[in-house]
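A.B. asks: File follows, entry29.cif with mmCIF, C-alpha atoms and all ligand atoms:
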data_run
loop_
_atom_site.group_PDB
_atom_site.id
_atom_site.type_symbol
_atom_site.label_atom_id
_atom_site.label_comp_id
_atom_site.auth_asym_id
_atom_site.auth_seq_id
_atom_site.Cartn_x
_atom_site.Cartn_y
_atom_site.Cartn_z
ATOM 1 C CA MET N 26 134.475 92.757 186.371
ATOM 2 C CA ALA N 27 132.463 91.201 189.168
ATOM 3 C CA LEU N 28 129.482 89.161 188.079
ATOM 4 C CA GLU N 29 127.347 87.949 190.963
ATOM 5 C CA LEU N 30 124.765 85.322 190.021
ATOM 6 C CA TYR N 31 121.687 84.953 192.219
ATOM 7 C CA HIS N 32 120.350 81.509 191.406
ATOM 8 C CA ALA N 33 119.068 78.160 192.632
ATOM 9 C CA ALA N 34 121.000 75.001 191.809
ATOM 10 C CA HIS N 35 118.070 73.065 190.328
ATOM 11 C CA SER N 36 116.163 75.944 188.698
ATOM 12 C CA THR N 37 115.947 75.518 184.931
ATOM 13 C CA CYS N 38 116.102 79.286 184.378
ATOM 14 C CA SER N 39 119.306 79.432 186.436
ATOM 15 C CA GLN N 40 120.750 76.464 184.547
ATOM 16 C CA LYS N 41 120.415 78.160 181.175
ATOM 17 C CA VAL N 42 122.309 81.214 182.385
ATOM 18 C CA ARG N 43 124.978 78.958 183.885
ATOM 19 C CA ILE N 44 125.367 77.149 180.517
ATOM 20 C CA CYS N 45 125.797 80.520 178.839
ATOM 21 C CA LEU N 46 128.377 81.627 181.409
ATOM 22 C CA ALA N 47 130.262 78.356 180.921
ATOM 23 C CA GLU N 48 130.192 78.653 177.113
ATOM 24 C CA LYS N 49 131.738 82.099 177.488
ATOM 25 C CA GLY N 50 134.243 80.862 180.066
ATOM 26 C CA LEU N 51 133.239 83.625 182.474
ATOM 27 C CA GLU N 52 133.993 83.693 186.185
ATOM 28 C CA TRP N 53 131.095 84.428 188.484
ATOM 29 C CA VAL N 54 130.366 84.682 192.168
ATOM 30 C CA SER N 55 127.594 82.384 193.394
ATOM 31 C CA ARG N 56 124.772 83.895 195.457
ATOM 32 C CA PRO N 57 122.392 80.999 196.169
ATOM 33 C CA VAL N 58 118.757 81.914 196.802
ATOM 34 C CA ASP N 59 116.863 79.524 199.097
ATOM 35 C CA PHE N 60 113.199 79.151 198.063
ATOM 36 C CA SER N 61 112.275 77.197 201.188
ATOM 37 C CA ALA N 62 113.416 80.161 203.313
ATOM 38 C CA ARG N 63 111.548 82.451 200.865
ATOM 39 C CA GLU N 64 114.720 84.405 200.204
ATOM 40 C CA ASN N 65 113.409 85.100 196.685
ATOM 41 C CA LEU N 66 110.659 87.204 198.266
ATOM 42 C CA SER N 67 112.868 89.014 200.794
ATOM 43 C CA ALA N 68 112.995 92.794 200.574
ATOM 44 C CA GLU N 69 116.727 92.582 199.929
ATOM 45 C CA TYR N 70 116.357 90.231 196.942
ATOM 46 C CA MET N 71 113.276 92.034 195.587
ATOM 47 C CA ARG N 72 115.465 95.124 195.221
ATOM 48 C CA ILE N 73 117.560 93.086 192.768
ATOM 49 C CA ASN N 74 114.681 91.241 191.088
ATOM 50 C CA PRO N 75 111.254 92.778 191.784
ATOM 51 C CA ASN N 76 109.632 89.677 190.227
ATOM 52 C CA GLY N 77 110.831 87.591 193.188
ATOM 53 C CA VAL N 78 112.239 84.809 191.001
ATOM 54 C CA VAL N 79 115.687 83.537 190.100
ATOM 55 C CA PRO N 80 117.978 84.031 188.343
ATOM 56 C CA ALA N 81 119.371 87.549 188.421
ATOM 57 C CA PHE N 82 122.832 88.873 188.297
ATOM 58 C CA VAL N 83 124.473 92.007 189.466
ATOM 59 C CA HIS N 84 127.159 93.180 187.113
ATOM 60 C CA ASP N 85 129.328 96.021 188.329
ATOM 61 C CA GLY N 86 126.522 97.073 190.642
ATOM 62 C CA THR N 87 123.693 96.891 188.073
ATOM 63 C CA PRO N 88 120.997 94.212 188.449
ATOM 64 C CA ILE N 89 120.104 92.317 185.265
ATOM 65 C CA ILE N 90 117.017 90.077 185.402
ATOM 66 C CA GLU N 91 115.085 87.612 183.192
ATOM 67 C CA SER N 92 117.124 84.566 182.230
ATOM 68 C CA THR N 93 116.812 85.042 178.454
ATOM 69 C CA VAL N 94 117.665 88.731 178.724
ATOM 70 C CA MET N 95 120.631 87.755 180.885
ATOM 71 C CA CYS N 96 121.898 85.368 178.181
ATOM 72 C CA GLU N 97 121.536 88.110 175.563
ATOM 73 C CA TYR N 98 123.328 90.532 177.875
ATOM 74 C CA LEU N 99 126.266 88.124 178.239
ATOM 75 C CA GLU N 100 126.354 87.836 174.462
ATOM 76 C CA GLU N 101 126.427 91.603 174.037
ATOM 77 C CA VAL N 102 129.075 92.280 176.661
ATOM 78 C CA TRP N 103 131.267 89.302 175.688
ATOM 79 C CA PRO N 104 130.331 88.828 172.009
ATOM 80 C CA ASN N 105 133.163 86.722 170.702
ATOM 81 C CA GLU N 106 134.059 84.223 173.344
ATOM 82 C CA PRO N 107 132.527 82.340 171.441
ATOM 83 C CA ARG N 108 129.736 84.036 169.513
ATOM 84 C CA LEU N 109 126.319 82.641 170.463
ATOM 85 C CA SER N 110 124.040 84.612 168.134
ATOM 86 C CA PRO N 111 123.965 85.067 164.355
ATOM 87 C CA GLU N 112 125.195 88.265 162.716
ATOM 88 C CA ASP N 113 122.602 88.116 159.943
ATOM 89 C CA PRO N 114 119.543 90.107 161.143
ATOM 90 C CA LYS N 115 117.130 87.554 159.651
ATOM 91 C CA LYS N 116 118.779 84.759 161.569
ATOM 92 C CA ARG N 117 118.892 86.915 164.696
ATOM 93 C CA ALA N 118 115.155 87.434 164.311
ATOM 94 C CA ALA N 119 114.676 83.669 163.974
ATOM 95 C CA MET N 120 116.722 83.126 167.133
ATOM 96 C CA ARG N 121 114.709 85.727 169.037
ATOM 97 C CA ALA N 122 111.454 84.166 167.863
ATOM 98 C CA TRP N 123 112.657 80.873 169.344
ATOM 99 C CA LEU N 124 113.589 82.634 172.573
ATOM 100 C CA ARG N 125 110.132 84.171 172.830
ATOM 101 C CA PHE N 126 108.480 80.837 172.091
ATOM 102 C CA ILE N 127 110.668 79.016 174.627
ATOM 103 C CA ASP N 128 109.844 81.564 177.343
ATOM 104 C CA GLU N 129 106.133 81.562 176.621
ATOM 105 C CA VAL N 130 105.382 77.915 175.866
ATOM 106 C CA PRO N 131 107.681 75.117 177.131
ATOM 107 C CA SER N 132 109.174 77.092 180.059
ATOM 108 C CA MET N 133 105.653 77.638 181.378
ATOM 109 C CA ALA N 134 104.433 74.145 180.511
ATOM 110 C CA VAL N 135 107.256 72.267 182.216
ATOM 111 C CA ARG N 136 106.374 73.867 185.539
ATOM 112 C CA VAL N 137 103.169 71.871 185.683
ATOM 113 C CA PRO N 138 104.748 68.377 185.862
ATOM 114 C CA SER N 139 107.623 69.766 187.969
ATOM 115 C CA PHE N 140 105.253 71.044 190.628
ATOM 116 C CA GLN N 141 102.690 68.267 190.280
ATOM 117 C CA ASN N 142 105.157 65.397 190.482
ATOM 118 C CA VAL N 143 107.968 66.758 192.644
ATOM 119 C CA PHE N 144 107.404 70.053 194.440
ATOM 120 C CA LEU N 145 103.768 69.487 195.416
ATOM 121 C CA ASP N 146 104.690 67.410 198.473
ATOM 122 C CA ARG N 147 106.274 70.481 200.024
ATOM 123 C CA PHE N 148 102.937 72.302 199.721
ATOM 124 C CA LYS N 149 100.802 69.353 200.771
ATOM 125 C CA ALA N 150 102.746 69.367 204.030
ATOM 126 C CA MET N 151 101.323 72.842 204.752
ATOM 127 C CA SER N 152 97.963 73.395 206.385
ATOM 128 C CA LYS N 153 95.315 74.994 204.173
ATOM 129 C CA GLU N 154 95.873 78.320 205.973
ATOM 130 C CA GLN N 155 99.645 78.141 205.530
ATOM 131 C CA TYR N 156 99.196 77.420 201.827
ATOM 132 C CA VAL N 157 96.823 80.352 201.338
ATOM 133 C CA GLU N 158 99.237 82.614 203.194
ATOM 134 C CA PHE N 159 102.101 81.405 200.988
ATOM 135 C CA ARG N 160 100.039 81.700 197.790
ATOM 136 C CA ASP N 161 98.941 85.228 198.611
ATOM 137 C CA SER N 162 102.415 86.387 199.629
ATOM 138 C CA ASN N 163 103.502 86.394 195.979
ATOM 139 C CA SER N 164 101.094 88.393 193.876
ATOM 140 C CA LEU N 165 102.983 87.771 190.631
ATOM 141 C CA ARG N 166 102.823 83.992 191.071
ATOM 142 C CA ARG N 167 99.442 83.858 192.837
ATOM 143 C CA ASP N 168 97.620 82.822 189.698
ATOM 144 C CA PHE N 169 99.948 79.835 189.234
ATOM 145 C CA PHE N 170 99.528 78.743 192.844
ATOM 146 C CA MET N 171 95.738 79.200 192.579
ATOM 147 C CA ARG N 172 95.701 76.842 189.615
ATOM 148 C CA MET N 173 97.924 74.308 191.362
ATOM 149 C CA ASN N 174 95.882 74.585 194.518
ATOM 150 C CA HIS N 175 96.907 72.738 197.635
ATOM 151 C CA THR N 176 96.315 69.381 196.038
ATOM 152 C CA GLY N 177 97.583 69.637 192.468
ATOM 153 C CA PHE N 178 96.610 70.719 188.968
ATOM 154 C CA SER N 179 93.449 69.578 187.208
ATOM 155 C CA ASP N 180 93.751 66.780 184.654
ATOM 156 C CA ASP N 181 92.935 69.284 181.899
ATOM 157 C CA GLU N 182 95.738 71.584 182.930
ATOM 158 C CA TYR N 183 98.213 68.709 183.165
ATOM 159 C CA GLU N 184 97.192 67.396 179.748
ATOM 160 C CA ASN N 185 97.470 70.858 178.254
ATOM 161 C CA SER N 186 101.044 71.201 179.497
ATOM 162 C CA MET N 187 101.920 67.805 177.972
ATOM 163 C CA LEU N 188 100.453 68.917 174.634
ATOM 164 C CA GLN N 189 102.514 72.114 174.741
ATOM 165 C CA LEU N 190 105.690 70.180 175.455
ATOM 166 C CA ARG N 191 104.906 67.801 172.611
ATOM 167 C CA ALA N 192 104.216 70.760 170.292
ATOM 168 C CA THR N 193 107.625 72.156 171.237
ATOM 169 C CA VAL N 194 109.297 68.873 170.331
ATOM 170 C CA ASP N 195 107.405 68.748 167.017
ATOM 171 C CA ARG N 196 108.463 72.266 166.128
ATOM 172 C CA MET N 197 112.080 71.554 167.025
ATOM 173 C CA GLU N 198 112.076 68.258 165.129
ATOM 174 C CA GLU N 199 110.817 69.988 162.010
ATOM 175 C CA THR N 200 113.431 72.760 162.235
ATOM 176 C CA LEU N 201 116.339 70.487 163.100
ATOM 177 C CA THR N 202 115.469 68.079 160.286
ATOM 178 C CA ARG N 203 115.157 70.895 157.763
ATOM 179 C CA GLU N 204 118.171 72.975 158.775
ATOM 180 C CA GLY N 205 120.052 71.533 161.767
ATOM 181 C CA PRO N 206 122.238 70.567 163.445
ATOM 182 C CA TRP N 207 121.177 73.453 165.765
ATOM 183 C CA LEU N 208 117.975 75.468 165.950
ATOM 184 C CA ILE N 209 119.538 78.225 163.858
ATOM 185 C CA GLY N 210 121.256 75.973 161.352
ATOM 186 C CA GLN N 211 125.015 75.607 161.604
ATOM 187 C CA GLN N 212 125.434 77.969 164.530
ATOM 188 C CA PHE N 213 125.001 76.929 168.137
ATOM 189 C CA THR N 214 123.117 79.826 169.744
ATOM 190 C CA ILE N 215 121.372 81.052 172.867
ATOM 191 C CA ALA N 216 118.184 79.426 171.539
ATOM 192 C CA ASP N 217 119.710 75.953 171.943
ATOM 193 C CA ILE N 218 120.949 76.912 175.401
ATOM 194 C CA CYS N 219 117.619 78.285 176.599
ATOM 195 C CA VAL N 220 115.600 75.175 175.803
ATOM 196 C CA ALA N 221 118.179 72.554 176.861
ATOM 197 C CA PRO N 222 117.520 72.607 180.640
ATOM 198 C CA LEU N 223 113.832 72.000 179.940
ATOM 199 C CA PHE N 224 114.769 68.714 178.252
ATOM 200 C CA GLU N 225 116.995 67.778 181.171
ATOM 201 C CA ARG N 226 114.058 68.531 183.478
ATOM 202 C CA MET N 227 111.652 66.448 181.377
ATOM 203 C CA GLN N 228 114.148 63.600 181.378
ATOM 204 C CA GLU N 229 114.355 63.759 185.170
ATOM 205 C CA LEU N 230 110.577 63.769 185.373
ATOM 206 C CA ALA N 231 110.550 60.521 183.350
ATOM 207 C CA LEU N 232 108.967 62.382 180.411
ATOM 208 C CA SER N 233 111.600 61.622 177.778
ATOM 209 C CA GLY N 234 108.956 59.542 175.961
ATOM 210 C CA ILE N 235 107.754 62.910 174.613
ATOM 211 C CA TRP N 236 110.663 62.913 172.149
ATOM 212 C CA GLU N 237 111.448 59.200 171.771
ATOM 213 C CA ASP N 238 110.059 59.223 168.212
ATOM 214 C CA ALA N 239 111.846 62.483 167.297
ATOM 215 C CA PRO N 240 115.332 61.414 166.107
ATOM 216 C CA ALA N 241 116.644 64.909 165.301
ATOM 217 C CA VAL N 242 115.673 66.185 168.759
ATOM 218 C CA THR N 243 117.176 63.081 170.392
ATOM 219 C CA ASP N 244 120.436 63.682 168.546
ATOM 220 C CA TRP N 245 120.365 67.434 169.338
ATOM 221 C CA PHE N 246 119.886 66.704 173.039
ATOM 222 C CA SER N 247 122.745 64.207 173.209
ATOM 223 C CA ARG N 248 125.070 66.687 171.440
ATOM 224 C CA ILE N 249 124.152 69.544 173.748
ATOM 225 C CA ARG N 250 124.553 67.342 176.826
ATOM 226 C CA ALA N 251 128.042 66.364 175.639
ATOM 227 C CA ARG N 252 129.247 69.979 175.653
ATOM 228 C CA PRO N 253 131.558 70.834 178.555
ATOM 229 C CA SER N 254 129.319 73.818 179.399
ATOM 230 C CA PHE N 255 126.493 71.424 180.239
ATOM 231 C CA GLU N 256 128.603 69.570 182.772
ATOM 232 C CA THR N 257 129.762 72.868 184.305
ATOM 233 C CA ALA N 258 126.224 74.242 184.591
ATOM 234 C CA PHE N 259 124.845 70.991 186.027
ATOM 235 C CA TYR N 260 127.439 70.750 188.775
ATOM 236 C CA PRO N 261 127.026 68.055 191.445
ATOM 237 C CA GLY N 262 123.919 68.734 193.503
ATOM 238 C CA SER N 263 122.142 70.777 190.832
ATOM 239 C CA ARG N 264 119.931 68.068 189.376
ATOM 240 C CA LEU N 265 116.387 67.594 190.523
ATOM 241 C CA SER N 266 117.192 63.946 191.277
ATOM 242 C CA GLU N 267 119.895 65.105 193.693
ATOM 243 C CA VAL N 268 117.727 67.701 195.411
ATOM 244 C CA TYR N 269 114.667 65.412 195.644
ATOM 245 C CA PRO N 270 116.145 61.889 195.312
ATOM 246 C CA GLU N 271 113.276 60.053 196.991
ATOM 247 C CA ILE N 272 110.662 61.583 194.680
ATOM 248 C CA VAL N 273 112.504 61.576 191.371
ATOM 249 C CA VAL N 274 113.621 57.938 191.670
ATOM 250 C CA GLY N 275 109.975 56.971 192.239
ATOM 251 C CA LEU N 276 108.960 58.667 188.976
ATOM 252 C CA GLU N 277 110.982 56.195 186.933
ATOM 253 C CA ASN N 278 108.706 53.326 187.943
HETATM 254 N N1 LIG N 301 110.824 84.666 183.287
HETATM 255 C C1 LIG N 301 111.682 84.394 184.399
HETATM 256 C C2 LIG N 301 111.132 83.197 185.162
HETATM 257 C C3 LIG N 301 111.974 82.874 186.368
HETATM 258 C C4 LIG N 301 111.358 81.780 187.222
HETATM 259 O O1 LIG N 301 110.189 81.412 187.101
HETATM 260 N N2 LIG N 301 112.194 81.252 188.128
HETATM 261 C C5 LIG N 301 111.763 80.198 189.017
HETATM 262 C C6 LIG N 301 112.802 79.098 189.053
HETATM 263 S S1 LIG N 301 113.113 78.406 187.448
HETATM 264 C C7 LIG N 301 111.607 80.773 190.424
HETATM 265 O O2 LIG N 301 112.375 81.593 190.838
HETATM 266 N N3 LIG N 301 110.600 80.325 191.169
HETATM 267 C C8 LIG N 301 110.357 80.814 192.484
HETATM 268 C C9 LIG N 301 109.201 80.148 193.106
HETATM 269 O O3 LIG N 301 108.833 79.064 192.656
HETATM 270 O O4 LIG N 301 108.678 80.687 194.069
HETATM 271 C C10 LIG N 301 113.104 84.134 183.907
HETATM 272 O O5 LIG N 301 113.247 83.534 182.838
HETATM 273 O O6 LIG N 301 114.067 84.554 184.564
#
What is this structure when it is put down as structure tokens?
C.D. replies:
Amino acid sequence: MALELYHAAHSTCSQKVRICLAEKGLEWVSRPVDFSARENLSAEYMRINPNGVVPAFVHDGTPIIESTVMCEYLEEVWPNEPRLSPEDPKKRAAMRAWLRFIDEVPSMAVRVPSFQNVFLDRFKAMSKEQYVEFRDSNSLRRDFFMRMNHTGFSDDEYENSMLQLRATVDRMEETLTREGPWLIGQQFTIADICVAPLFERMQELALSGIWEDAPAVTDWFSRIRARPSFETAFYPGSRLSEVYPEIVVGLEN
């Protein structure tokens, strides 16, 4: 069964699907999407993912989009290799609540420091007119690029994203302390997978101080990083520090 993954090496949403694929031991065909060439907004790609974002995969000719939905799809089509969701409906509901929270809160919040501290230079290099043209070419993301503006997010917006990331850590710390070692107790699930690349991103952005006083989260992150699937998903060249070495190294100081 051919599984073609449209993705970007350093995109956190792509990384979570790649962890899931690696956990399941599935073969896939790589279809890289180049943001700088705006391939994500090309008519050809928009036929696969009308949201103009990565990842997406095409499985036996059918496009499947939304990274969390894609992880759940993999779980449904390949349920036991290994199982990555609980059988008990109450625990499944708890997992899905985490997935919703992860999509709505930290996945959104982490974009602010990512763009502010790393990707912004790419936009600053544009003239005002080029930026407006770029911003307006993507109606679904226009609001985000309005808020970022040509010169960066407001202090309030940046602070708000930090508070949301900290609230995520607090919620995870409480859950992991009460019923770890994973977010859904004994079972490693898609919920752990979906939030892990956000921690890797924060670490690369020199934001690991957000969880330095959260021992259960620190332990959770080191265990998830030690899984072979993590290494497979973060193949050489897929870390932010490899794509933007000159910027990310500067963040450490
Ligand atoms: N809800 C979507 C979000 C996907 C998303 O935002 N992808 C980012 C990369 S992580 C993207 O494609 N960005 C394109 C851009 O910045 O123009 C999902 O989870 O698949």
A.B. asks: Counting only C-alpha atoms, which of N:Arg108, N:Arg147, N:His35, N:Arg117 gets nearest to N:Ser61?
C.D. replies: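 Comparing N:Arg108, N:Arg147, N:His35, N:Arg117 against N:Ser61, the winner is N:Arg147.
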A.B. asks: Could you check which of N:Tyr31, N:Tyr269, N:Phe178, N:Phe60 is closest to ligand LIG 301 (chain N), using all atoms listed in the file?
C.D. replies: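 Closest residue, counting all atoms listed in the file: N:Phe60.
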A.B. asks: Counting all atoms listed in the file, which of N:Gln189, N:Asn174, N:Ser132, N:Ser254 gets nearest to N:Val157?
C.D. replies: N:Asn174
A.B. asks: Once 4 Å is added on each side, what are the centre and the three edge lengths, in Å to one decimal, of the axis-aligned box enclosing the listed atoms of ligand LIG 301 (chain N)? Present them as lines of an AutoDock Vina configuration file.
C.D. replies:
center_x = 111.4
center_y = 81.5
center_z = 188.5
size_x = 13.4
size_y = 14.3
size_z = 19.2
A.B. asks: From the options N:Leu109, N:Val79, N:Ala134, N:Leu28, which residue's atoms come nearest to N:Ala192, counting all atoms listed in the file?
C.D. replies: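 With all atoms listed in the file as the atom set, the closest residue is N:Ala134.
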A.B. asks: Could you list as a PyMOL selection string every residue that has an atom within 9 Å of (125.5, 76.6, 180.3), using the file's coordinates and counting all atoms listed in the file?
C.D. replies: chain N and resi 40-49+218-219+222+252-259
A.B. asks: Pick the closest to N:Leu230 from N:Ile272, N:Met197, N:Met71, N:Ala150: which is it, counting only C-alpha atoms?
C.D. replies: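 Among N:Ile272, N:Met197, N:Met71, N:Ala150, it is N:Ile272 that comes nearest to N:Leu230.
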